[in-house]
Structures are given as C-alpha cells and as structure tokens.
$ cat protein.cif   # mmCIF, N, CA and C atoms
data_protein
loop_
_atom_site.label_atom_id
_atom_site.label_comp_id
_atom_site.auth_asym_id
_atom_site.auth_seq_id
_atom_site.Cartn_x
_atom_site.Cartn_y
_atom_site.Cartn_z
N MET A 1 40.82 45.79 36.19
CA MET A 1 39.64 45.75 35.37
C MET A 1 39.13 44.32 35.30
N ILE A 2 37.84 44.20 35.24
CA ILE A 2 37.18 42.89 35.20
C ILE A 2 36.42 42.75 33.88
N ILE A 3 36.55 41.58 33.27
CA ILE A 3 35.82 41.25 32.06
C ILE A 3 34.76 40.22 32.45
N ASN A 4 33.57 40.36 31.88
CA ASN A 4 32.51 39.38 32.09
C ASN A 4 32.30 38.61 30.79
N CYS A 5 32.46 37.30 30.85
CA CYS A 5 32.26 36.46 29.67
C CYS A 5 30.76 36.37 29.38
N LYS A 6 30.38 36.75 28.17
CA LYS A 6 28.96 36.72 27.82
C LYS A 6 28.45 35.30 27.59
N TYR A 7 29.35 34.33 27.48
CA TYR A 7 28.92 32.94 27.24
C TYR A 7 28.72 32.15 28.52
N CYS A 8 29.68 32.26 29.46
CA CYS A 8 29.56 31.46 30.69
C CYS A 8 29.33 32.34 31.93
N ASN A 9 29.29 33.67 31.72
CA ASN A 9 29.04 34.65 32.78
C ASN A 9 30.14 34.69 33.86
N HIS A 10 31.31 34.16 33.54
CA HIS A 10 32.45 34.18 34.46
C HIS A 10 33.10 35.57 34.44
N ASN A 11 33.40 36.11 35.61
CA ASN A 11 34.14 37.37 35.72
C ASN A 11 35.62 37.05 35.91
N TYR A 12 36.48 37.75 35.14
CA TYR A 12 37.91 37.50 35.27
C TYR A 12 38.72 38.78 35.11
N ASP A 13 39.90 38.77 35.73
CA ASP A 13 40.83 39.90 35.65
C ASP A 13 41.59 39.87 34.33
N ILE A 14 42.04 41.04 33.91
CA ILE A 14 42.91 41.13 32.75
C ILE A 14 44.33 40.84 33.22
N THR A 15 44.91 39.78 32.68
CA THR A 15 46.29 39.39 33.00
C THR A 15 47.00 39.01 31.71
N ASP A 16 48.27 38.66 31.81
CA ASP A 16 48.99 38.23 30.62
C ASP A 16 48.48 36.88 30.09
N LYS A 17 47.68 36.19 30.88
CA LYS A 17 47.09 34.92 30.44
C LYS A 17 45.70 35.11 29.82
N THR A 18 45.07 36.27 30.06
CA THR A 18 43.73 36.51 29.52
C THR A 18 43.71 37.60 28.44
N LEU A 19 44.76 38.42 28.35
CA LEU A 19 44.88 39.43 27.29
C LEU A 19 45.98 38.96 26.35
N LEU A 20 45.59 38.60 25.14
CA LEU A 20 46.52 37.97 24.20
C LEU A 20 46.50 38.71 22.87
N ASP A 21 47.52 38.47 22.06
CA ASP A 21 47.46 39.01 20.70
C ASP A 21 48.01 37.98 19.72
N GLU A 22 47.41 38.01 18.55
CA GLU A 22 47.76 37.05 17.49
C GLU A 22 47.71 37.76 16.16
N ARG A 23 48.55 37.31 15.27
CA ARG A 23 48.48 37.72 13.88
C ARG A 23 47.45 36.80 13.23
N ILE A 24 46.45 37.38 12.59
CA ILE A 24 45.37 36.58 12.01
C ILE A 24 45.13 36.95 10.56
N GLU A 25 44.49 36.04 9.85
CA GLU A 25 44.00 36.36 8.52
C GLU A 25 42.49 36.58 8.66
N MET A 26 42.06 37.79 8.36
CA MET A 26 40.64 38.14 8.45
C MET A 26 40.06 38.06 7.05
N THR A 27 38.87 37.48 6.94
CA THR A 27 38.17 37.43 5.66
C THR A 27 36.78 38.02 5.81
N LYS A 28 36.36 38.69 4.77
CA LYS A 28 34.99 39.24 4.73
C LYS A 28 34.61 39.30 3.25
N GLY A 29 33.70 38.44 2.87
CA GLY A 29 33.36 38.34 1.45
C GLY A 29 34.58 37.86 0.69
N GLU A 30 34.96 38.59 -0.34
CA GLU A 30 36.13 38.23 -1.15
C GLU A 30 37.42 38.85 -0.61
N ARG A 31 37.31 39.70 0.39
CA ARG A 31 38.49 40.41 0.91
C ARG A 31 39.20 39.61 1.98
N ARG A 32 40.53 39.74 2.00
CA ARG A 32 41.37 39.11 3.01
C ARG A 32 42.44 40.10 3.43
N ALA A 33 42.84 40.01 4.70
CA ALA A 33 43.92 40.86 5.18
C ALA A 33 44.59 40.18 6.37
N ILE A 34 45.89 40.41 6.51
CA ILE A 34 46.63 39.96 7.68
C ILE A 34 46.59 41.11 8.69
N LEU A 35 46.06 40.83 9.86
CA LEU A 35 45.86 41.85 10.89
C LEU A 35 46.37 41.35 12.22
N ARG A 36 46.51 42.26 13.16
CA ARG A 36 46.89 41.92 14.53
C ARG A 36 45.65 42.07 15.40
N LEU A 37 45.25 40.98 16.03
CA LEU A 37 44.08 40.98 16.90
C LEU A 37 44.53 40.90 18.35
N ILE A 38 44.11 41.84 19.15
CA ILE A 38 44.32 41.78 20.59
C ILE A 38 42.97 41.41 21.18
N TYR A 39 42.97 40.40 22.05
CA TYR A 39 41.70 39.88 22.54
C TYR A 39 41.81 39.37 23.97
N PHE A 40 40.66 39.27 24.61
CA PHE A 40 40.55 38.66 25.93
C PHE A 40 40.13 37.20 25.71
N GLN A 41 40.63 36.30 26.56
CA GLN A 41 40.19 34.91 26.49
C GLN A 41 39.75 34.47 27.88
N CYS A 42 38.50 34.04 27.97
CA CYS A 42 37.94 33.60 29.24
C CYS A 42 38.69 32.37 29.75
N PRO A 43 39.22 32.43 30.98
CA PRO A 43 39.94 31.27 31.53
C PRO A 43 39.00 30.12 31.91
N ASN A 44 37.71 30.41 31.96
CA ASN A 44 36.73 29.39 32.35
C ASN A 44 36.27 28.56 31.14
N CYS A 45 35.83 29.24 30.07
CA CYS A 45 35.29 28.51 28.92
C CYS A 45 36.14 28.65 27.65
N GLY A 46 37.13 29.55 27.66
CA GLY A 46 38.01 29.73 26.52
C GLY A 46 37.49 30.65 25.43
N GLU A 47 36.29 31.19 25.61
CA GLU A 47 35.71 32.07 24.60
C GLU A 47 36.57 33.33 24.46
N ILE A 48 36.64 33.85 23.22
CA ILE A 48 37.43 35.06 23.00
C ILE A 48 36.54 36.27 22.80
N LYS A 49 37.08 37.42 23.21
CA LYS A 49 36.37 38.69 23.07
C LYS A 49 37.38 39.67 22.47
N PRO A 50 37.22 40.06 21.17
CA PRO A 50 38.15 41.00 20.57
C PRO A 50 38.21 42.32 21.35
N ALA A 51 39.42 42.87 21.46
CA ALA A 51 39.61 44.14 22.16
C ALA A 51 40.09 45.23 21.21
N MET A 52 41.00 44.87 20.29
CA MET A 52 41.56 45.83 19.34
C MET A 52 41.96 45.11 18.06
N LEU A 53 42.02 45.87 17.00
CA LEU A 53 42.44 45.34 15.71
C LEU A 53 43.41 46.33 15.10
N ASP A 54 44.55 45.83 14.62
CA ASP A 54 45.55 46.71 14.02
C ASP A 54 46.01 46.17 12.68
N ASP A 55 46.46 47.10 11.85
CA ASP A 55 47.12 46.75 10.60
C ASP A 55 48.43 47.53 10.54
N LYS A 56 49.12 47.47 9.43
CA LYS A 56 50.42 48.16 9.31
C LYS A 56 50.27 49.67 9.53
N LYS A 57 49.19 50.22 9.02
CA LYS A 57 48.98 51.68 9.13
C LYS A 57 48.75 52.10 10.58
N SER A 58 47.90 51.39 11.31
CA SER A 58 47.64 51.77 12.70
C SER A 58 48.90 51.57 13.56
N LEU A 59 49.65 50.50 13.29
CA LEU A 59 50.89 50.27 14.04
C LEU A 59 51.93 51.35 13.74
N TYR A 60 51.93 51.84 12.51
CA TYR A 60 52.82 52.95 12.14
C TYR A 60 52.50 54.19 12.97
N TYR A 61 51.21 54.55 13.04
CA TYR A 61 50.82 55.74 13.81
C TYR A 61 51.03 55.55 15.31
N ALA A 62 50.87 54.33 15.80
CA ALA A 62 51.14 54.07 17.22
C ALA A 62 52.61 54.32 17.51
N LYS A 63 53.49 53.84 16.62
CA LYS A 63 54.92 54.05 16.80
C LYS A 63 55.28 55.54 16.70
N ARG A 64 54.71 56.22 15.73
CA ARG A 64 54.97 57.66 15.56
C ARG A 64 54.52 58.46 16.78
N LYS A 65 53.40 58.05 17.34
CA LYS A 65 52.88 58.72 18.55
C LYS A 65 53.88 58.58 19.69
N LEU A 66 54.41 57.39 19.87
CA LEU A 66 55.38 57.15 20.94
C LEU A 66 56.69 57.89 20.73
N GLU A 67 57.07 58.09 19.47
CA GLU A 67 58.33 58.76 19.15
C GLU A 67 58.21 60.28 19.08
N ALA A 68 56.99 60.80 19.12
CA ALA A 68 56.77 62.24 18.97
C ALA A 68 57.51 63.04 20.03
N LYS A 69 58.10 64.13 19.60
CA LYS A 69 58.89 64.97 20.51
C LYS A 69 58.08 66.14 21.08
N THR A 70 56.96 66.47 20.44
CA THR A 70 56.13 67.56 20.95
C THR A 70 54.71 67.06 21.16
N GLU A 71 53.99 67.73 22.03
CA GLU A 71 52.59 67.34 22.31
C GLU A 71 51.70 67.49 21.09
N SER A 72 51.93 68.53 20.29
CA SER A 72 51.07 68.73 19.12
C SER A 72 51.27 67.60 18.10
N VAL A 73 52.49 67.16 17.90
CA VAL A 73 52.75 66.05 16.98
C VAL A 73 52.18 64.76 17.56
N LYS A 74 52.34 64.58 18.86
CA LYS A 74 51.79 63.40 19.53
C LYS A 74 50.27 63.34 19.36
N ARG A 75 49.59 64.48 19.55
CA ARG A 75 48.13 64.54 19.39
C ARG A 75 47.71 64.22 17.96
N LYS A 76 48.48 64.74 17.00
CA LYS A 76 48.17 64.50 15.58
C LYS A 76 48.24 63.00 15.27
N HIS A 77 49.29 62.34 15.74
CA HIS A 77 49.43 60.91 15.48
C HIS A 77 48.40 60.10 16.28
N GLU A 78 48.07 60.54 17.47
CA GLU A 78 47.04 59.87 18.28
C GLU A 78 45.70 59.92 17.54
N GLU A 79 45.38 61.07 16.96
CA GLU A 79 44.12 61.22 16.22
C GLU A 79 44.10 60.32 14.99
N ARG A 80 45.21 60.29 14.26
CA ARG A 80 45.28 59.42 13.08
C ARG A 80 45.18 57.94 13.48
N PHE A 81 45.88 57.59 14.56
CA PHE A 81 45.85 56.23 15.09
C PHE A 81 44.41 55.82 15.43
N ALA A 82 43.71 56.68 16.16
CA ALA A 82 42.33 56.39 16.56
C ALA A 82 41.42 56.27 15.34
N ASN A 83 41.60 57.14 14.35
CA ASN A 83 40.78 57.10 13.14
C ASN A 83 41.00 55.81 12.35
N VAL A 84 42.26 55.39 12.24
CA VAL A 84 42.57 54.16 11.51
C VAL A 84 41.97 52.96 12.24
N ARG A 85 42.11 52.92 13.56
CA ARG A 85 41.53 51.80 14.32
C ARG A 85 40.01 51.75 14.18
N LYS A 86 39.36 52.91 14.25
CA LYS A 86 37.90 52.94 14.10
C LYS A 86 37.49 52.43 12.72
N LYS A 87 38.23 52.85 11.70
CA LYS A 87 37.93 52.41 10.34
C LYS A 87 38.11 50.89 10.22
N LEU A 88 39.16 50.35 10.84
CA LEU A 88 39.38 48.90 10.80
C LEU A 88 38.22 48.14 11.45
N ILE A 89 37.79 48.63 12.60
CA ILE A 89 36.67 47.98 13.30
C ILE A 89 35.43 47.98 12.42
N ASP A 90 35.11 49.15 11.84
CA ASP A 90 33.93 49.25 10.98
C ASP A 90 34.06 48.36 9.74
N GLU A 91 35.24 48.38 9.14
CA GLU A 91 35.49 47.66 7.90
C GLU A 91 35.40 46.14 8.08
N TRP A 92 35.88 45.62 9.21
CA TRP A 92 35.96 44.18 9.40
C TRP A 92 34.87 43.61 10.31
N GLN A 93 33.94 44.45 10.77
CA GLN A 93 32.82 43.96 11.59
C GLN A 93 32.08 42.87 10.82
N GLY A 94 31.90 41.72 11.45
CA GLY A 94 31.22 40.61 10.79
C GLY A 94 32.14 39.71 9.97
N GLY A 95 33.43 40.08 9.89
CA GLY A 95 34.39 39.24 9.18
C GLY A 95 34.69 37.99 10.00
N SER A 96 35.45 37.08 9.42
CA SER A 96 35.78 35.85 10.15
C SER A 96 37.28 35.64 10.19
N PHE A 97 37.71 34.95 11.25
CA PHE A 97 39.12 34.64 11.44
C PHE A 97 39.22 33.34 12.22
N GLU A 98 40.39 32.72 12.15
CA GLU A 98 40.60 31.45 12.83
C GLU A 98 41.64 31.62 13.94
N LEU A 99 41.32 31.06 15.10
CA LEU A 99 42.26 30.99 16.23
C LEU A 99 42.21 29.57 16.77
N ALA A 100 43.36 28.94 16.87
CA ALA A 100 43.47 27.58 17.43
C ALA A 100 42.48 26.61 16.78
N GLY A 101 42.34 26.73 15.46
CA GLY A 101 41.48 25.81 14.73
C GLY A 101 39.99 26.10 14.79
N VAL A 102 39.60 27.18 15.44
CA VAL A 102 38.19 27.55 15.57
C VAL A 102 37.93 28.84 14.79
N ILE A 103 36.89 28.82 13.97
CA ILE A 103 36.49 30.01 13.20
C ILE A 103 35.64 30.90 14.10
N HIS A 104 35.99 32.19 14.15
CA HIS A 104 35.27 33.18 14.95
C HIS A 104 34.75 34.29 14.04
N THR A 105 33.68 34.92 14.45
CA THR A 105 33.17 36.10 13.78
C THR A 105 33.67 37.32 14.54
N PHE A 106 34.22 38.28 13.79
CA PHE A 106 34.74 39.50 14.41
C PHE A 106 33.58 40.42 14.77
N GLU A 107 33.39 40.61 16.06
CA GLU A 107 32.39 41.53 16.59
C GLU A 107 33.06 42.34 17.68
N LEU A 108 33.11 43.64 17.48
CA LEU A 108 33.74 44.51 18.47
C LEU A 108 32.93 45.78 18.61
N ASN A 109 32.47 46.02 19.82
CA ASN A 109 31.75 47.25 20.14
C ASN A 109 32.68 48.07 21.04
N PRO A 110 33.35 49.10 20.46
CA PRO A 110 34.32 49.87 21.26
C PRO A 110 33.68 50.63 22.42
N ASP A 111 32.36 50.78 22.39
CA ASP A 111 31.68 51.50 23.47
C ASP A 111 31.25 50.58 24.60
N GLU A 112 31.46 49.27 24.44
CA GLU A 112 31.06 48.33 25.48
C GLU A 112 31.87 48.55 26.74
N GLU A 113 31.20 48.53 27.85
CA GLU A 113 31.83 48.86 29.11
C GLU A 113 32.62 47.69 29.70
N ILE A 114 33.82 48.01 30.16
CA ILE A 114 34.64 47.05 30.92
C ILE A 114 34.60 47.54 32.36
N LYS A 115 34.34 46.64 33.28
CA LYS A 115 34.22 47.04 34.69
C LYS A 115 35.59 47.34 35.28
N HIS A 116 35.68 48.46 35.98
CA HIS A 116 36.91 48.82 36.69
C HIS A 116 36.73 48.51 38.17
N GLN A 117 37.77 47.98 38.78
CA GLN A 117 37.72 47.73 40.23
C GLN A 117 38.91 48.35 40.88
#
$ encode --input "protein.cif" --output "structure tokens"
Amino acid sequence: MIINCKYCNHNYDITDKTLLDERIEMTKGERRAILRLIYFQCPNCGEIKPAMLDDKKSLYYAKRKLEAKTESVKRKHEERFANVRKKLIDEWQGGSFELAGVIHTFELNPDEEIKHQ
C-alpha cells in the first residue's frame, strides 16, 4: 500500500518506519484522555497522518475478538470494536495532541482512500 503525503506530495510505502504508534494525551476543550494513536509518518517531510485511535474499551474488544472461539462471538466483538473506534474518531475529531514536541490537530477520515499496489 502507498500513502501520499498531502503536505509534500511524496508517495511512500507502509513499513515499520512509517507506521508507528504512540500513547498520547488528547485534549478537546476541557476534556482530556490518554489514547493510543496509530499513524503514518512521511519519511520525506515528517508530517503525520492519523490512521487509528484506540482507548481501553476498543483494545478490550480487539483482544476479545482475537480470543473468540466461535465465528458468531468473533463477529459480535468485531462489531463492538468497530463501533467504539468510530465513536472515538467522531468524539476526538479536531482535538489536539503532542508528538515529539509538536502540537497536532486530530483529523481522521476513515473513508479516505489508501492506494494499493
């Protein structure tokens, strides 16, 4: 899969050097939360592009999904996992977080296309 950096227009592959995750403190108005951010980082300009956002609840359902012994239980946890992640994205859209001393605004469009090669 190829990611296109919207800032420098560089195309790059997803690797362990460009797909990263960090524990962050997200703020939005008076609210704060410790979350797990999975993001892409452009190797050319260093700009970050959020990919996923998790909290304790979404990580719980992810684990339950992996441990499920039947397909019906797995589907149930997958649905809950997806719903929690969608809610997190909606809830924290426009929030701010710090990575490597730089303040970023959380913007994630889950429908945005990633190029497959």
$ closest_atom_pairs --input "protein.cif" --of "segment 28-96 of chain A" --to "segment 18-21 of chain A" --cutoff "8 Å" --atoms "only C-alpha atoms" --output "tab-separated table"
residue	atom	partner	partner_atom	distance
A:Arg36	CA	A:Asp21	CA	6.8
A:Leu37	CA	A:Asp21	CA	5.5
A:Ile38	CA	A:Asp21	CA	4.2
A:Tyr39	CA	A:Leu20	CA	5.4
A:Phe40	CA	A:Leu19	CA	4.6
A:Gln41	CA	A:Thr18	CA	4.9
A:Cys42	CA	A:Thr18	CA	6.5
A:Pro43	CA	A:Thr18	CA	6.8
$ atom_distance --input "protein.cif" --atom1 "atom C of His104 of chain A" --atom2 "atom CA of Glu79 of chain A"
28.6 Å
$ atom_distance --input "protein.cif" --atom1 "atom CA of Tyr61 of chain A" --atom2 "atom C of Arg80 of chain A"
6.1 Å
$ atom_distance --input "protein.cif" --atom1 "atom N of Asn44 of chain A" --atom2 "atom N of Lys17 of chain A"
11.6 Å
$ residues_around --input "protein.cif" --residues "Asp55 of chain A" --least-positions-apart "4" --cutoff "8 Å" --atoms "only C-alpha atoms" --output "PDB file with N, CA and C atoms, in the frame of the given file"
ATOM      1  N   ILE A  34      45.890  40.410   6.510  1.00  0.00           N
ATOM      2  CA  ILE A  34      46.630  39.960   7.680  1.00  0.00           C
ATOM      3  C   ILE A  34      46.590  41.110   8.690  1.00  0.00           C
ATOM      4  N   LEU A  35      46.060  40.830   9.860  1.00  0.00           N
ATOM      5  CA  LEU A  35      45.860  41.850  10.890  1.00  0.00           C
ATOM      6  C   LEU A  35      46.370  41.350  12.220  1.00  0.00           C
ATOM      7  N   ARG A  36      46.510  42.260  13.160  1.00  0.00           N
ATOM      8  CA  ARG A  36      46.890  41.920  14.530  1.00  0.00           C
ATOM      9  C   ARG A  36      45.650  42.070  15.400  1.00  0.00           C
ATOM     10  N   LEU A  59      49.650  50.500  13.290  1.00  0.00           N
ATOM     11  CA  LEU A  59      50.890  50.270  14.040  1.00  0.00           C
ATOM     12  C   LEU A  59      51.930  51.350  13.740  1.00  0.00           C
TER      13      LEU A  59
END
$ closest_residue --input "protein.cif" --among "A:Val102, A:Met26, A:Leu66, A:Leu53" --to "Leu88 of chain A" --atoms "only N, CA and C atoms"
A:Leu53
$ select_by_dssp --input "protein.cif" --residues "chain A" --states "strand (DSSP E)" --output "VMD selection string"
chain A and resid 2 to 4 11 to 13 19 to 28 31 to 41 48 to 54 96 to 99 102 to 105
$ resolve_selection --input "protein.cif" --expression "the PyMOL selection byres ((chain A and resi 89-101) around 7)" --output "list in words"
Ile24, Glu25, Met26, Thr27, Lys28, Gly29, Leu53, Val84, Arg85, Lys86, Lys87, Leu88, Val102, Ile103, His104, Thr105, Phe106, Glu107 and Leu108 of chain A
$ write_last_selection --input "protein.cif" --atoms "N, CA and C atoms" --output "PDB file, in the coordinates of the input"
ATOM      1  N   ILE A  24      46.450  37.380  12.590  1.00  0.00           N
ATOM      2  CA  ILE A  24      45.370  36.580  12.010  1.00  0.00           C
ATOM      3  C   ILE A  24      45.130  36.950  10.560  1.00  0.00           C
ATOM      4  N   GLU A  25      44.490  36.040   9.850  1.00  0.00           N
ATOM      5  CA  GLU A  25      44.000  36.360   8.520  1.00  0.00           C
ATOM      6  C   GLU A  25      42.490  36.580   8.660  1.00  0.00           C
ATOM      7  N   MET A  26      42.060  37.790   8.360  1.00  0.00           N
ATOM      8  CA  MET A  26      40.640  38.140   8.450  1.00  0.00           C
ATOM      9  C   MET A  26      40.060  38.060   7.050  1.00  0.00           C
ATOM     10  N   THR A  27      38.870  37.480   6.940  1.00  0.00           N
ATOM     11  CA  THR A  27      38.170  37.430   5.660  1.00  0.00           C
ATOM     12  C   THR A  27      36.780  38.020   5.810  1.00  0.00           C
ATOM     13  N   LYS A  28      36.360  38.690   4.770  1.00  0.00           N
ATOM     14  CA  LYS A  28      34.990  39.240   4.730  1.00  0.00           C
ATOM     15  C   LYS A  28      34.610  39.300   3.250  1.00  0.00           C
ATOM     16  N   GLY A  29      33.700  38.440   2.870  1.00  0.00           N
ATOM     17  CA  GLY A  29      33.360  38.340   1.450  1.00  0.00           C
ATOM     18  C   GLY A  29      34.580  37.860   0.690  1.00  0.00           C
ATOM     19  N   LEU A  53      42.020  45.870  17.000  1.00  0.00           N
ATOM     20  CA  LEU A  53      42.440  45.340  15.710  1.00  0.00           C
ATOM     21  C   LEU A  53      43.410  46.330  15.100  1.00  0.00           C
ATOM     22  N   VAL A  84      42.260  55.390  12.240  1.00  0.00           N
ATOM     23  CA  VAL A  84      42.570  54.160  11.510  1.00  0.00           C
ATOM     24  C   VAL A  84      41.970  52.960  12.240  1.00  0.00           C
ATOM     25  N   ARG A  85      42.110  52.920  13.560  1.00  0.00           N
ATOM     26  CA  ARG A  85      41.530  51.800  14.320  1.00  0.00           C
ATOM     27  C   ARG A  85      40.010  51.750  14.180  1.00  0.00           C
ATOM     28  N   LYS A  86      39.360  52.910  14.250  1.00  0.00           N
ATOM     29  CA  LYS A  86      37.900  52.940  14.100  1.00  0.00           C
ATOM     30  C   LYS A  86      37.490  52.430  12.720  1.00  0.00           C
ATOM     31  N   LYS A  87      38.230  52.850  11.700  1.00  0.00           N
ATOM     32  CA  LYS A  87      37.930  52.410  10.340  1.00  0.00           C
ATOM     33  C   LYS A  87      38.110  50.890  10.220  1.00  0.00           C
ATOM     34  N   LEU A  88      39.160  50.350  10.840  1.00  0.00           N
ATOM     35  CA  LEU A  88      39.380  48.900  10.800  1.00  0.00           C
ATOM     36  C   LEU A  88      38.220  48.140  11.450  1.00  0.00           C
ATOM     37  N   VAL A 102      39.600  27.180  15.440  1.00  0.00           N
ATOM     38  CA  VAL A 102      38.190  27.550  15.570  1.00  0.00           C
ATOM     39  C   VAL A 102      37.930  28.840  14.790  1.00  0.00           C
ATOM     40  N   ILE A 103      36.890  28.820  13.970  1.00  0.00           N
ATOM     41  CA  ILE A 103      36.490  30.010  13.200  1.00  0.00           C
ATOM     42  C   ILE A 103      35.640  30.900  14.100  1.00  0.00           C
ATOM     43  N   HIS A 104      35.990  32.190  14.150  1.00  0.00           N
ATOM     44  CA  HIS A 104      35.270  33.180  14.950  1.00  0.00           C
ATOM     45  C   HIS A 104      34.750  34.290  14.040  1.00  0.00           C
ATOM     46  N   THR A 105      33.680  34.920  14.450  1.00  0.00           N
ATOM     47  CA  THR A 105      33.170  36.100  13.780  1.00  0.00           C
ATOM     48  C   THR A 105      33.670  37.320  14.540  1.00  0.00           C
ATOM     49  N   PHE A 106      34.220  38.280  13.790  1.00  0.00           N
ATOM     50  CA  PHE A 106      34.740  39.500  14.410  1.00  0.00           C
ATOM     51  C   PHE A 106      33.580  40.420  14.770  1.00  0.00           C
ATOM     52  N   GLU A 107      33.390  40.610  16.060  1.00  0.00           N
ATOM     53  CA  GLU A 107      32.390  41.530  16.590  1.00  0.00           C
ATOM     54  C   GLU A 107      33.060  42.340  17.680  1.00  0.00           C
ATOM     55  N   LEU A 108      33.110  43.640  17.480  1.00  0.00           N
ATOM     56  CA  LEU A 108      33.740  44.510  18.470  1.00  0.00           C
ATOM     57  C   LEU A 108      32.930  45.780  18.610  1.00  0.00           C
TER      58      LEU A 108
END
$ select_by_dssp --input "protein.cif" --residues "chain A" --states "alpha helix (DSSP H)" --output "short mmCIF file (atom, residue, chain, number, x, y, z; two decimals) with N, CA and C atoms, in the frame of the given file"
data_model
loop_
_atom_site.label_atom_id
_atom_site.label_comp_id
_atom_site.auth_asym_id
_atom_site.auth_seq_id
_atom_site.Cartn_x
_atom_site.Cartn_y
_atom_site.Cartn_z
N LYS A 56 49.12 47.47 9.43
CA LYS A 56 50.42 48.16 9.31
C LYS A 56 50.27 49.67 9.53
N LYS A 57 49.19 50.22 9.02
CA LYS A 57 48.98 51.68 9.13
C LYS A 57 48.75 52.10 10.58
N SER A 58 47.90 51.39 11.31
CA SER A 58 47.64 51.77 12.70
C SER A 58 48.90 51.57 13.56
N LEU A 59 49.65 50.50 13.29
CA LEU A 59 50.89 50.27 14.04
C LEU A 59 51.93 51.35 13.74
N TYR A 60 51.93 51.84 12.51
CA TYR A 60 52.82 52.95 12.14
C TYR A 60 52.50 54.19 12.97
N TYR A 61 51.21 54.55 13.04
CA TYR A 61 50.82 55.74 13.81
C TYR A 61 51.03 55.55 15.31
N ALA A 62 50.87 54.33 15.80
CA ALA A 62 51.14 54.07 17.22
C ALA A 62 52.61 54.32 17.51
N LYS A 63 53.49 53.84 16.62
CA LYS A 63 54.92 54.05 16.80
C LYS A 63 55.28 55.54 16.70
N ARG A 64 54.71 56.22 15.73
CA ARG A 64 54.97 57.66 15.56
C ARG A 64 54.52 58.46 16.78
N LYS A 65 53.40 58.05 17.34
CA LYS A 65 52.88 58.72 18.55
C LYS A 65 53.88 58.58 19.69
N LEU A 66 54.41 57.39 19.87
CA LEU A 66 55.38 57.15 20.94
C LEU A 66 56.69 57.89 20.73
N GLU A 67 57.07 58.09 19.47
CA GLU A 67 58.33 58.76 19.15
C GLU A 67 58.21 60.28 19.08
N GLU A 71 53.99 67.73 22.03
CA GLU A 71 52.59 67.34 22.31
C GLU A 71 51.70 67.49 21.09
N SER A 72 51.93 68.53 20.29
CA SER A 72 51.07 68.73 19.12
C SER A 72 51.27 67.60 18.10
N VAL A 73 52.49 67.16 17.90
CA VAL A 73 52.75 66.05 16.98
C VAL A 73 52.18 64.76 17.56
N LYS A 74 52.34 64.58 18.86
CA LYS A 74 51.79 63.40 19.53
C LYS A 74 50.27 63.34 19.36
N ARG A 75 49.59 64.48 19.55
CA ARG A 75 48.13 64.54 19.39
C ARG A 75 47.71 64.22 17.96
N LYS A 76 48.48 64.74 17.00
CA LYS A 76 48.17 64.50 15.58
C LYS A 76 48.24 63.00 15.27
N HIS A 77 49.29 62.34 15.74
CA HIS A 77 49.43 60.91 15.48
C HIS A 77 48.40 60.10 16.28
N GLU A 78 48.07 60.54 17.47
CA GLU A 78 47.04 59.87 18.28
C GLU A 78 45.70 59.92 17.54
N GLU A 79 45.38 61.07 16.96
CA GLU A 79 44.12 61.22 16.22
C GLU A 79 44.10 60.32 14.99
N ARG A 80 45.21 60.29 14.26
CA ARG A 80 45.28 59.42 13.08
C ARG A 80 45.18 57.94 13.48
N PHE A 81 45.88 57.59 14.56
CA PHE A 81 45.85 56.23 15.09
C PHE A 81 44.41 55.82 15.43
N ALA A 82 43.71 56.68 16.16
CA ALA A 82 42.33 56.39 16.56
C ALA A 82 41.42 56.27 15.34
N ASN A 83 41.60 57.14 14.35
CA ASN A 83 40.78 57.10 13.14
C ASN A 83 41.00 55.81 12.35
N VAL A 84 42.26 55.39 12.24
CA VAL A 84 42.57 54.16 11.51
C VAL A 84 41.97 52.96 12.24
N ARG A 85 42.11 52.92 13.56
CA ARG A 85 41.53 51.80 14.32
C ARG A 85 40.01 51.75 14.18
N LYS A 86 39.36 52.91 14.25
CA LYS A 86 37.90 52.94 14.10
C LYS A 86 37.49 52.43 12.72
N LYS A 87 38.23 52.85 11.70
CA LYS A 87 37.93 52.41 10.34
C LYS A 87 38.11 50.89 10.22
N LEU A 88 39.16 50.35 10.84
CA LEU A 88 39.38 48.90 10.80
C LEU A 88 38.22 48.14 11.45
N ILE A 89 37.79 48.63 12.60
CA ILE A 89 36.67 47.98 13.30
C ILE A 89 35.43 47.98 12.42
N ASP A 90 35.11 49.15 11.84
CA ASP A 90 33.93 49.25 10.98
C ASP A 90 34.06 48.36 9.74
N GLU A 91 35.24 48.38 9.14
CA GLU A 91 35.49 47.66 7.90
C GLU A 91 35.40 46.14 8.08
N TRP A 92 35.88 45.62 9.21
CA TRP A 92 35.96 44.18 9.40
C TRP A 92 34.87 43.61 10.31
#
$ residues_near_point --input "protein.cif" --point "(38.9, 37.5, 33.4)" --cutoff "7 Å" --atoms "only C-alpha atoms" --output "PyMOL selection string"
chain A and resi 2-4+11-14+18+42-43
$ closest_residue --input "protein.cif" --among "A:Lys69, A:Tyr7, A:Phe81, A:Arg75" --to "Lys57 of chain A" --atoms "all atoms listed in the file"
A:Phe81
